[in-house]
Amino acid sequence: MAKNQKNEVGKKKRKPGSVRNGRAGSKKNEMIQLLKRPDGVTLQELMAATGWQGHSVRGFISAGVNKRMGLRVTSNRREDGQRVYRVTDR
C-alpha cells in the first residue's frame, strides 16, 4: 500500500446532507435541539448552554451544522439587537 493511502476498513461513508444525531446529553445534541426551537436561540443562550465562547459557537454552526450535517441555519436580528439562529427547512 502506498504511503499516502489510508486504510478505510471499517469506516462507513455517509451521504452528503445526512444528519447524524449526537449522543443524548452532549453539547452537540443540546445545540441542535435549541436551534430547532420555533423561535430560535440567541448566541448568548448557546454560549450559556455549552460554556463555549462566541467564536466557537459560530464556528460550530457554520462548519458542524451547515456543512457536515447539511442543516440550513438562518440568522436574523431582533428589534433588541440580538441575533437569533434557527434551523429551517431546505
# chains A, B, ... in the order shown; residues from 1 in each chain; ligands from 1
>>> residues_around(residues="region 25-37 of chain A", least_positions_apart="3", cutoff="10 Å", atoms="only C-alpha atoms", output="ChimeraX atom specification")
/A:20-22,40-42,45-47,49-52,57,60-61,64-65,71,73-74,84-88
>>> atom_distance(atom1="CA of Asp89 (chain A)", atom2="CA of Ser62 (chain A)")
16.3 Å
>>> atom_distance(atom1="CA of Asp39 (chain A)", atom2="CA of Ala63 (chain A)")
22.3 Å
>>> atom_distance(atom1="CA of Gly54 (chain A)", atom2="CA of Asn76 (chain A)")
16.2 Å
